[in-house]
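J.: Structure file structure_28.txt (compact mmCIF, C-alpha atoms) right here:
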# COMPACT_ATOMS: atom_id res chain seq x y z
CA MET A 1 0.00 0.00 0.00
CA LYS A 2 2.88 2.36 0.65
CA LYS A 3 4.39 2.00 -2.80
CA THR A 4 4.61 5.35 -4.48
CA TRP A 5 4.95 4.58 -8.18
CA TRP A 6 1.23 4.37 -8.87
CA LYS A 7 0.63 7.69 -7.16
CA ILE A 8 3.21 9.34 -9.38
CA LEU A 9 1.58 7.60 -12.33
CA ALA A 10 -1.84 8.92 -11.28
CA VAL A 11 -0.58 12.49 -11.05
CA ALA A 12 1.25 12.24 -14.40
CA ILE A 13 -1.82 10.81 -16.13
CA LEU A 14 -4.03 13.50 -14.65
CA ILE A 15 -1.71 16.32 -15.72
CA TYR A 16 -1.73 14.87 -19.23
CA ALA A 17 -5.53 14.48 -19.14
CA ILE A 18 -6.18 18.04 -17.95
CA LEU A 19 -3.81 19.50 -20.55
CA GLY A 20 -5.32 17.30 -23.24
CA ALA A 21 -8.86 18.15 -22.23
CA LEU A 22 -8.16 21.87 -22.42
CA LEU A 23 -5.82 22.04 -25.40
CA PHE A 24 -6.38 19.17 -27.85
CA ASP A 25 -8.65 19.56 -30.86
CA ALA A 26 -12.27 18.89 -29.99
CA PRO A 27 -15.09 18.17 -32.43
CA ARG A 28 -17.31 21.15 -33.25
CA LEU A 29 -20.83 20.08 -32.32
CA ASN A 30 -24.02 22.09 -32.17
CA ILE A 31 -25.33 23.10 -28.73
CA LEU A 32 -22.31 21.55 -27.02
CA ASN A 33 -19.66 23.82 -28.53
CA GLU A 34 -16.63 23.95 -26.25
CA THR A 35 -18.49 22.19 -23.42
CA ILE A 36 -17.66 18.89 -25.14
CA ARG A 37 -14.47 19.15 -23.07
CA ASN A 38 -16.54 18.43 -19.97
CA LEU A 39 -16.55 14.85 -21.19
CA HIS A 40 -13.07 14.46 -19.71
CA PHE A 41 -14.15 15.73 -16.30
CA HIS A 42 -17.84 14.98 -15.79
CA VAL A 43 -18.11 11.54 -17.40
CA THR A 44 -14.81 10.38 -15.92
CA MET A 45 -16.24 11.00 -12.43
CA TRP A 46 -19.00 8.49 -13.11
CA PHE A 47 -16.65 5.93 -14.64
CA GLY A 48 -14.38 6.31 -11.64
CA MET A 49 -17.33 5.95 -9.30
CA ILE A 50 -18.46 2.72 -10.98
CA ILE A 51 -14.98 1.23 -10.72
CA LEU A 52 -14.58 2.24 -7.06
CA LEU A 53 -18.04 1.03 -6.05
CA THR A 54 -17.53 -2.26 -7.89
CA ALA A 55 -14.30 -2.75 -5.96
CA SER A 56 -16.15 -1.87 -2.76
CA MET A 57 -18.81 -4.49 -3.49
CA VAL A 58 -16.20 -7.16 -4.28
CA LEU A 59 -14.41 -6.39 -1.02
CA ALA A 60 -17.72 -6.58 0.86
CA ILE A 61 -18.19 -10.10 -0.54
CA ARG A 62 -14.64 -11.00 0.47
CA TYR A 63 -15.34 -9.74 3.97
CA LEU A 64 -18.53 -11.79 4.20
CA ARG A 65 -16.66 -14.89 3.04
CA THR A 66 -13.56 -14.54 5.20
CA GLY A 67 -14.72 -12.47 8.17
CA ASN A 68 -11.46 -10.52 7.95
CA GLN A 69 -12.11 -7.03 9.32
CA LYS A 70 -9.50 -5.60 6.95
CA PHE A 71 -11.73 -6.14 3.90
CA ASP A 72 -14.64 -4.43 5.60
CA LEU A 73 -12.48 -1.36 6.22
CA TYR A 74 -11.33 -1.29 2.57
CA SER A 75 -14.88 -1.73 1.36
CA VAL A 76 -16.22 1.20 3.39
CA GLU A 77 -13.48 3.61 2.42
CA LEU A 78 -13.77 2.77 -1.27
CA ALA A 79 -17.51 3.38 -1.05
CA ASN A 80 -16.71 6.69 0.63
CA VAL A 81 -14.58 7.89 -2.28
CA GLY A 82 -17.13 6.47 -4.73
CA VAL A 83 -19.82 8.61 -3.11
CA LEU A 84 -17.55 11.65 -3.29
CA PHE A 85 -17.12 11.04 -7.02
CA SER A 86 -20.85 10.62 -7.54
CA ILE A 87 -21.56 13.91 -5.74
CA LEU A 88 -19.00 15.62 -7.98
CA GLY A 89 -20.55 13.90 -11.00
CA LEU A 90 -24.02 15.05 -10.05
CA VAL A 91 -22.95 18.66 -9.43
CA THR A 92 -20.86 18.89 -12.61
CA GLY A 93 -23.77 17.30 -14.48
CA ALA A 94 -26.10 19.99 -13.16
CA VAL A 95 -23.70 22.75 -14.22
CA TRP A 96 -23.38 21.27 -17.69
CA ALA A 97 -27.14 20.70 -17.97
CA ASN A 98 -27.76 24.34 -17.13
CA TYR A 99 -26.09 25.25 -20.43
CA ALA A 100 -26.94 22.26 -22.61
CA TRP A 101 -30.52 21.55 -21.45
CA GLY A 102 -31.53 24.99 -20.15
CA GLU A 103 -31.87 24.22 -16.46
CA PRO A 104 -29.65 22.54 -13.87
CA TRP A 105 -32.25 20.01 -12.75
CA SER A 106 -34.91 19.01 -15.23
CA GLY A 107 -35.99 15.81 -13.48
CA ASP A 108 -34.37 13.85 -16.26
CA PRO A 109 -34.47 10.07 -15.66
CA LYS A 110 -30.68 9.95 -15.64
CA GLN A 111 -30.45 12.73 -13.05
CA ASN A 112 -33.18 11.21 -10.89
CA GLY A 113 -31.61 7.77 -11.12
CA ALA A 114 -28.23 9.17 -10.09
CA ALA A 115 -29.80 11.05 -7.18
CA VAL A 116 -31.55 7.88 -5.96
CA CYS A 117 -28.24 6.00 -6.15
CA LEU A 118 -26.57 8.66 -4.09
CA LEU A 119 -29.30 8.41 -1.44
CA ILE A 120 -29.00 4.61 -1.37
CA TYR A 121 -25.28 4.88 -0.71
CA LEU A 122 -25.71 7.62 1.88
CA ALA A 123 -28.14 5.29 3.68
CA TYR A 124 -25.32 2.71 3.71
CA PHE A 125 -23.24 4.99 5.93
CA VAL A 126 -26.20 5.84 8.14
CA LEU A 127 -26.89 2.13 8.56
CA ARG A 128 -23.29 1.37 9.45
CA ASN A 129 -23.02 4.18 11.95
CA SER A 130 -26.16 3.07 13.73
CA ILE A 131 -24.66 -0.32 14.67
CA ASN A 132 -22.12 -0.47 17.48
CA ASP A 133 -21.01 -4.09 17.32
CA GLU A 134 -18.12 -4.39 14.88
CA GLN A 135 -19.01 -7.78 13.42
CA GLN A 136 -22.68 -7.02 13.10
CA ARG A 137 -21.88 -3.71 11.44
CA GLY A 138 -19.56 -5.41 8.97
CA ARG A 139 -22.03 -8.16 8.08
CA ILE A 140 -25.12 -6.00 7.69
CA GLY A 141 -23.12 -3.27 5.95
CA GLY A 142 -21.56 -5.78 3.58
CA ILE A 143 -24.90 -7.26 2.60
CA TYR A 144 -26.42 -3.81 2.17
CA ASN A 145 -23.45 -2.86 -0.01
CA ILE A 146 -24.17 -5.76 -2.39
CA PHE A 147 -27.83 -4.79 -2.68
CA ALA A 148 -26.94 -1.12 -3.16
CA PHE A 149 -24.67 -2.07 -6.04
CA ALA A 150 -27.41 -4.26 -7.51
CA ALA A 151 -29.74 -1.24 -7.45
CA LEU A 152 -27.10 1.07 -8.91
CA ILE A 153 -26.77 -0.68 -12.28
CA PRO A 154 -30.46 -0.56 -13.33
CA LEU A 155 -30.90 2.96 -11.95
CA LEU A 156 -27.97 4.39 -13.88
CA PHE A 157 -27.80 2.26 -17.01
CA ILE A 158 -31.11 0.52 -17.67
CA LEU A 159 -34.04 2.64 -16.49
CA PRO A 160 -32.90 5.88 -18.20
CA ARG A 161 -32.70 3.94 -21.46
CA MET A 162 -36.31 2.79 -21.25
CA THR A 163 -37.82 6.27 -21.21
CA ASP A 164 -37.00 9.53 -22.93
CA SER A 165 -33.94 11.15 -21.52
CA LEU A 166 -31.97 14.18 -22.54
CA HIS A 167 -28.74 12.55 -21.48
CA PRO A 168 -26.60 11.26 -24.37
CA GLY A 169 -26.90 7.57 -25.00
CA ASN A 170 -30.31 7.22 -23.40
CA GLY A 171 -33.92 6.88 -24.46
CA GLY A 172 -34.76 8.03 -27.93
CA ASN A 173 -32.07 10.66 -27.83
CA PRO A 174 -29.05 10.04 -30.01
CA GLY A 175 -26.89 12.81 -28.60
CA PHE A 176 -23.17 12.50 -29.01
CA ASN A 177 -21.77 9.38 -27.58
CA ALA A 178 -18.37 10.59 -28.31
CA TYR A 179 -16.36 8.00 -26.53
CA ASP A 180 -17.67 5.41 -28.92
CA MET A 181 -15.84 5.92 -32.15
CA ASP A 182 -13.81 9.08 -31.95
CA SER A 183 -10.20 8.23 -31.25
CA ARG A 184 -9.14 11.83 -30.61
CA LEU A 185 -11.44 12.12 -27.61
CA ARG A 186 -10.61 8.61 -26.47
CA ILE A 187 -6.90 9.22 -26.08
CA VAL A 188 -7.71 11.74 -23.38
CA PHE A 189 -10.86 10.16 -21.98
CA TYR A 190 -9.60 6.71 -21.03
CA PRO A 191 -6.37 7.90 -19.40
CA ALA A 192 -8.47 10.44 -17.49
CA VAL A 193 -10.70 7.63 -16.17
CA ILE A 194 -7.65 5.69 -15.01
CA GLY A 195 -6.08 8.81 -13.49
CA TRP A 196 -9.12 9.86 -11.49
CA THR A 197 -9.69 6.29 -10.33
CA LEU A 198 -6.11 6.01 -9.10
CA LEU A 199 -6.43 9.36 -7.34
CA GLY A 200 -9.59 8.01 -5.68
CA LEU A 201 -7.67 4.92 -4.54
CA TRP A 202 -4.96 7.14 -3.12
CA MET A 203 -7.52 9.15 -1.16
CA ALA A 204 -9.10 5.93 0.10
CA SER A 205 -5.70 4.55 1.15
CA LEU A 206 -5.00 7.64 3.26
CA ARG A 207 -8.29 7.22 5.07
CA ILE A 208 -7.75 3.48 5.54
CA ARG A 209 -4.38 4.13 7.17
CA MET A 210 -5.91 6.83 9.35
CA ARG A 211 -8.63 4.43 10.48
CA LYS A 212 -6.08 1.72 11.28
CA VAL A 213 -4.15 4.13 13.49
CA GLN A 214 -7.40 5.15 15.15
CA LYS A 215 -8.27 1.53 15.86
CA GLN A 216 -4.81 0.85 17.23
CA LEU A 217 -5.17 3.74 19.66
CA GLU A 218 -8.57 2.49 20.82
CA ASP A 219 -7.31 -1.03 21.60
CA MET B 1 -2.21 -11.60 -13.47
CA LYS B 2 -5.73 -12.61 -12.55
CA LYS B 3 -6.34 -9.16 -11.11
CA VAL B 4 -5.16 -7.46 -14.28
CA LEU B 5 -7.44 -9.64 -16.39
CA THR B 6 -10.39 -8.88 -14.15
CA LEU B 7 -9.70 -5.17 -14.48
CA LEU B 8 -9.49 -5.44 -18.26
CA ALA B 9 -12.76 -7.37 -18.43
CA LEU B 10 -14.35 -4.69 -16.27
CA PHE B 11 -13.16 -2.00 -18.63
CA PHE B 12 -14.70 -3.74 -21.63
CA CYS B 13 -17.97 -4.09 -19.75
CA LEU B 14 -18.00 -0.35 -19.07
CA ASN B 15 -17.46 0.21 -22.75
CA MET B 16 -20.48 -1.89 -23.58
CA VAL B 17 -22.82 -0.28 -21.08
CA SER B 18 -21.88 3.19 -22.14
CA GLY B 19 -21.78 2.87 -25.89
CA GLN B 20 -25.27 2.59 -27.32
CA ASP B 21 -27.48 4.76 -29.54
CA LYS B 22 -24.67 6.91 -30.75
CA ILE B 23 -23.99 9.29 -33.53
CA GLU B 24 -20.52 8.89 -34.83
CA ILE B 25 -18.18 11.84 -34.64
CA THR B 26 -16.42 12.25 -37.95
CA ALA B 27 -13.47 14.24 -39.20
CA ASP B 28 -15.94 16.78 -40.61
CA ASP B 29 -16.98 17.69 -37.09
CA TYR B 30 -13.48 19.01 -36.49
CA GLU B 31 -13.65 21.28 -39.54
CA ASN B 32 -17.23 22.51 -39.17
CA THR B 33 -16.63 26.22 -38.68
CA THR B 34 -20.36 27.05 -38.59
CA VAL B 35 -20.36 25.86 -34.99
CA GLU B 36 -19.06 28.54 -32.66
CA MET B 37 -16.05 27.65 -30.56
CA ALA B 38 -13.68 29.67 -28.42
CA ASP B 39 -11.36 30.22 -31.37
CA THR B 40 -10.32 33.74 -30.42
CA MET B 41 -9.26 32.60 -27.00
CA ARG B 42 -7.09 29.95 -28.59
CA SER B 43 -5.61 32.10 -31.34
CA ASN B 44 -4.44 34.85 -29.00
CA GLY B 45 -3.07 32.34 -26.50
CA LYS B 46 -5.21 33.38 -23.54
CA ILE B 47 -6.19 29.75 -23.14
CA TYR B 48 -2.74 29.16 -21.68
CA VAL B 49 -3.59 31.52 -18.84
CA VAL B 50 -6.48 29.22 -17.95
CA VAL B 51 -4.28 26.13 -18.34
CA ALA B 52 -1.65 27.65 -16.05
CA VAL B 53 -4.19 28.50 -13.35
CA VAL B 54 -5.81 25.06 -13.47
CA MET B 55 -2.39 23.42 -13.25
CA VAL B 56 -1.36 25.51 -10.25
CA VAL B 57 -4.57 24.53 -8.44
CA PHE B 58 -4.14 20.86 -9.30
CA VAL B 59 -0.48 20.70 -8.29
CA GLY B 60 -1.31 22.57 -5.08
CA LEU B 61 -3.93 20.01 -4.15
CA ILE B 62 -1.54 17.14 -4.88
CA VAL B 63 1.22 18.70 -2.75
CA TYR B 64 -1.28 18.99 0.09
CA MET B 65 -2.15 15.31 -0.30
CA ILE B 66 1.50 14.30 -0.24
CA GLN B 67 2.07 16.27 2.94
CA THR B 68 -0.96 14.66 4.54
CA GLU B 69 0.37 11.25 3.60
CA ARG B 70 3.78 12.03 5.16
CA LYS B 71 2.09 13.10 8.34
CA ILE B 72 0.09 9.86 8.47
CA THR B 73 3.27 7.84 7.91
CA ARG B 74 4.91 9.63 10.86
CA ILE B 75 1.91 9.01 13.11
CA GLU B 76 1.80 5.36 12.02
CA LYS B 77 5.44 4.91 13.04
CA GLU B 78 4.80 6.44 16.45
CA VAL B 79 1.65 4.51 17.21
CA PHE B 80 2.76 1.10 16.02
CA LYS B 81 6.15 1.43 17.74
CA GLU B 82 4.44 2.20 21.04
CA LYS B 83 2.45 -0.97 20.64
CA ASP B 84 5.60 -3.07 20.18
CA ASN B 85 7.26 -1.65 23.29
CA SER B 86 4.34 -2.19 25.61
Written as structure tokens, that's how I'd like the structure from this file.
T.:
Amino acid sequence: MKKTWWKILAVAILIYAILGALLFDAPRLNILNETIRNLHFHVTMWFGMIILLTASMVLAIRYLRTGNQKFDLYSVELANVGVLFSILGLVTGAVWANYAWGEPWSGDPKQNGAAVCLLIYLAYFVLRNSINDEQQRGRIGGIYNIFAFAALIPLLFILPRMTDSLHPGNGGNPGFNAYDMDSRLRIVFYPAVIGWTLLGLWMASLRIRMRKVQKQLED
Amino acid sequence: MKKVLTLLALFFCLNMVSGQDKIEITADDYENTTVEMADTMRSNGKIYVVVAVVMVVFVGLIVYMIQTERKITRIEKEVFKEKDNS
């Protein structure tokens, strides 16, 4: 955990991604204009969130299988960073929507779905904090985590597709789904996803170490 | 190795979930001057002022994170050493 190379890598990738997002040629698209560059900041938050929350769910399963408290701690802190990313994704989405759709919150299925997901995950922390016994907290939290993840996928990726949504790639709206075919956006977008995810892992690792120290002091 | 493969598989899955109902972006979209872009800002180089400011903020945040990490490492050493002695 204390190896530094991946942190340096994360920072290097992110510097490249920010420079690329601001300076590289972007496609000229109606309505979006220069805001197409938000792709490298807004959408990457959601990709990062999905990766972090998937890892959190996997670690919750590992905790339930092994009973090792370590995995529970990892699982919680990864969910914590995942929630941070989803809040940032929601806020940046609202800012972007204000210009592209005319209002920050239009009750779009994608926005509503994302908000419900956020509430589900916030309830996870409320649930955990309401249980004092360590094992019970880990077990119930772990199981809740799996169900929260199972609710996340349909809310973000399936339900918005079944109705009309303004969000690109949903409903009857074609929109730009830039990261499909355009290689010039991809060369910034995918590194940016990796960079933000690694930064999220770094943040989680700091909190995990802090919590371990805290626990040590309590014992 | 297994972990790397799992990560790769995950990445492909993300690709599949995200890439439906799309309009392809073509080379023409890069040349379409009827769509307004911040061309003036780019041609007179003011964009680099923005880039510089964003970079300073980003590097500042990272430096702060590194310092926090160092502090945690120091505390870790203290706390876990105490444990060994007692």
J.: Excluding same-chain residues fewer than 3 positions from stretch 186-195 of chain A, what lies within 12 Å of it counting only C-alpha atoms, as a PyMOL selection string?
T.: (chain A and resi 6-26+36-52+85+177-183+198-202) or (chain B and resi 7-8+11-12+14-15+25)
J.: Between atom CA of A:Gly142 and atom CA of A:Arg65, what is the distance, to one decimal in Å?
T.: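 Between these atoms lies a distance of 10.4 Å.
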J.: Env of stretch 107-116 of chain A: 10 Å cut, atoms = all atoms listed in the file, seq-sep filter 6 positions within chain, self excluded. Answer as a ChimeraX atom specification.
T.: /A:46,86-87,89-90,93-94,97,122,151-168,170-171
J.: Please list as a PyMOL selection string every residue within 9 Å of A:Asp72, counting all atoms listed in the file and excluding residues in the same chain fewer than 2 positions away.
T.: chain A and resi 56+59-60+62-64+67-70+74-77+138-139+141-142
J.: So the first atom is atom CA of A:Leu119 and the second is atom CA of A:Ala79; what is the distance between them in Å, to one decimal place?
T.: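 Going from atom CA of A:Leu119 over to atom CA of A:Ala79, I get 12.8 Å.
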J.: What does the structure give for the distance between atom CA of A:Arg211 and atom CA of B:Phe58, in Å to one decimal?
T.: 26.1 Å
J.: Axis-aligned box over every listed atom of stretch 63-68 of chain B, padded by 6 Å per side: centre and edges in Å to one decimal, as AutoDock Vina command-line options?
T.:
--center_x 0.0 --center_y 16.6 --center_z 0.9 --size_x 16.2 --size_y 16.7 --size_z 19.3
J.: Could you check which of A:Ala150, A:Leu32, A:Leu78, A:Val91 is closest to chain B, using all atoms listed in the file?
T.: A:Leu32
J.: For chain A, which residue out of B:Tyr30, B:Val49, B:Gln67, B:Glu82 is the nearest one, using only C-alpha atoms?
T.: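 With only C-alpha atoms as the atom set, the closest residue is B:Tyr30.
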J.: Of the candidates B:Ile72, B:Arg42, B:Val50, B:Gly60, which one gets nearest to A:Ile208 if we count only C-alpha atoms?
T.: B:Ile72
J.: Just checking: using only C-alpha atoms, which residue out of A:Ile31, A:Leu73, A:Leu127, A:Ile61 ends up closest to B:Met37?
T.: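 Ranking A:Ile31, A:Leu73, A:Leu127, A:Ile61 by distance to B:Met37, first place goes to A:Ile31.
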J.: Which residue gives the smallest distance to chain B among A:Phe147, A:Val213, A:Gln136, A:Ala55, with all atoms listed in the file counted?
T.: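 Among the listed residues, the smallest separation from chain B belongs to A:Val213.
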J.: Using only C-alpha atoms, which residue out of B:Lys81, B:Thr26, B:Val63, B:Met41 lies closest to chain A?
T.: B:Thr26
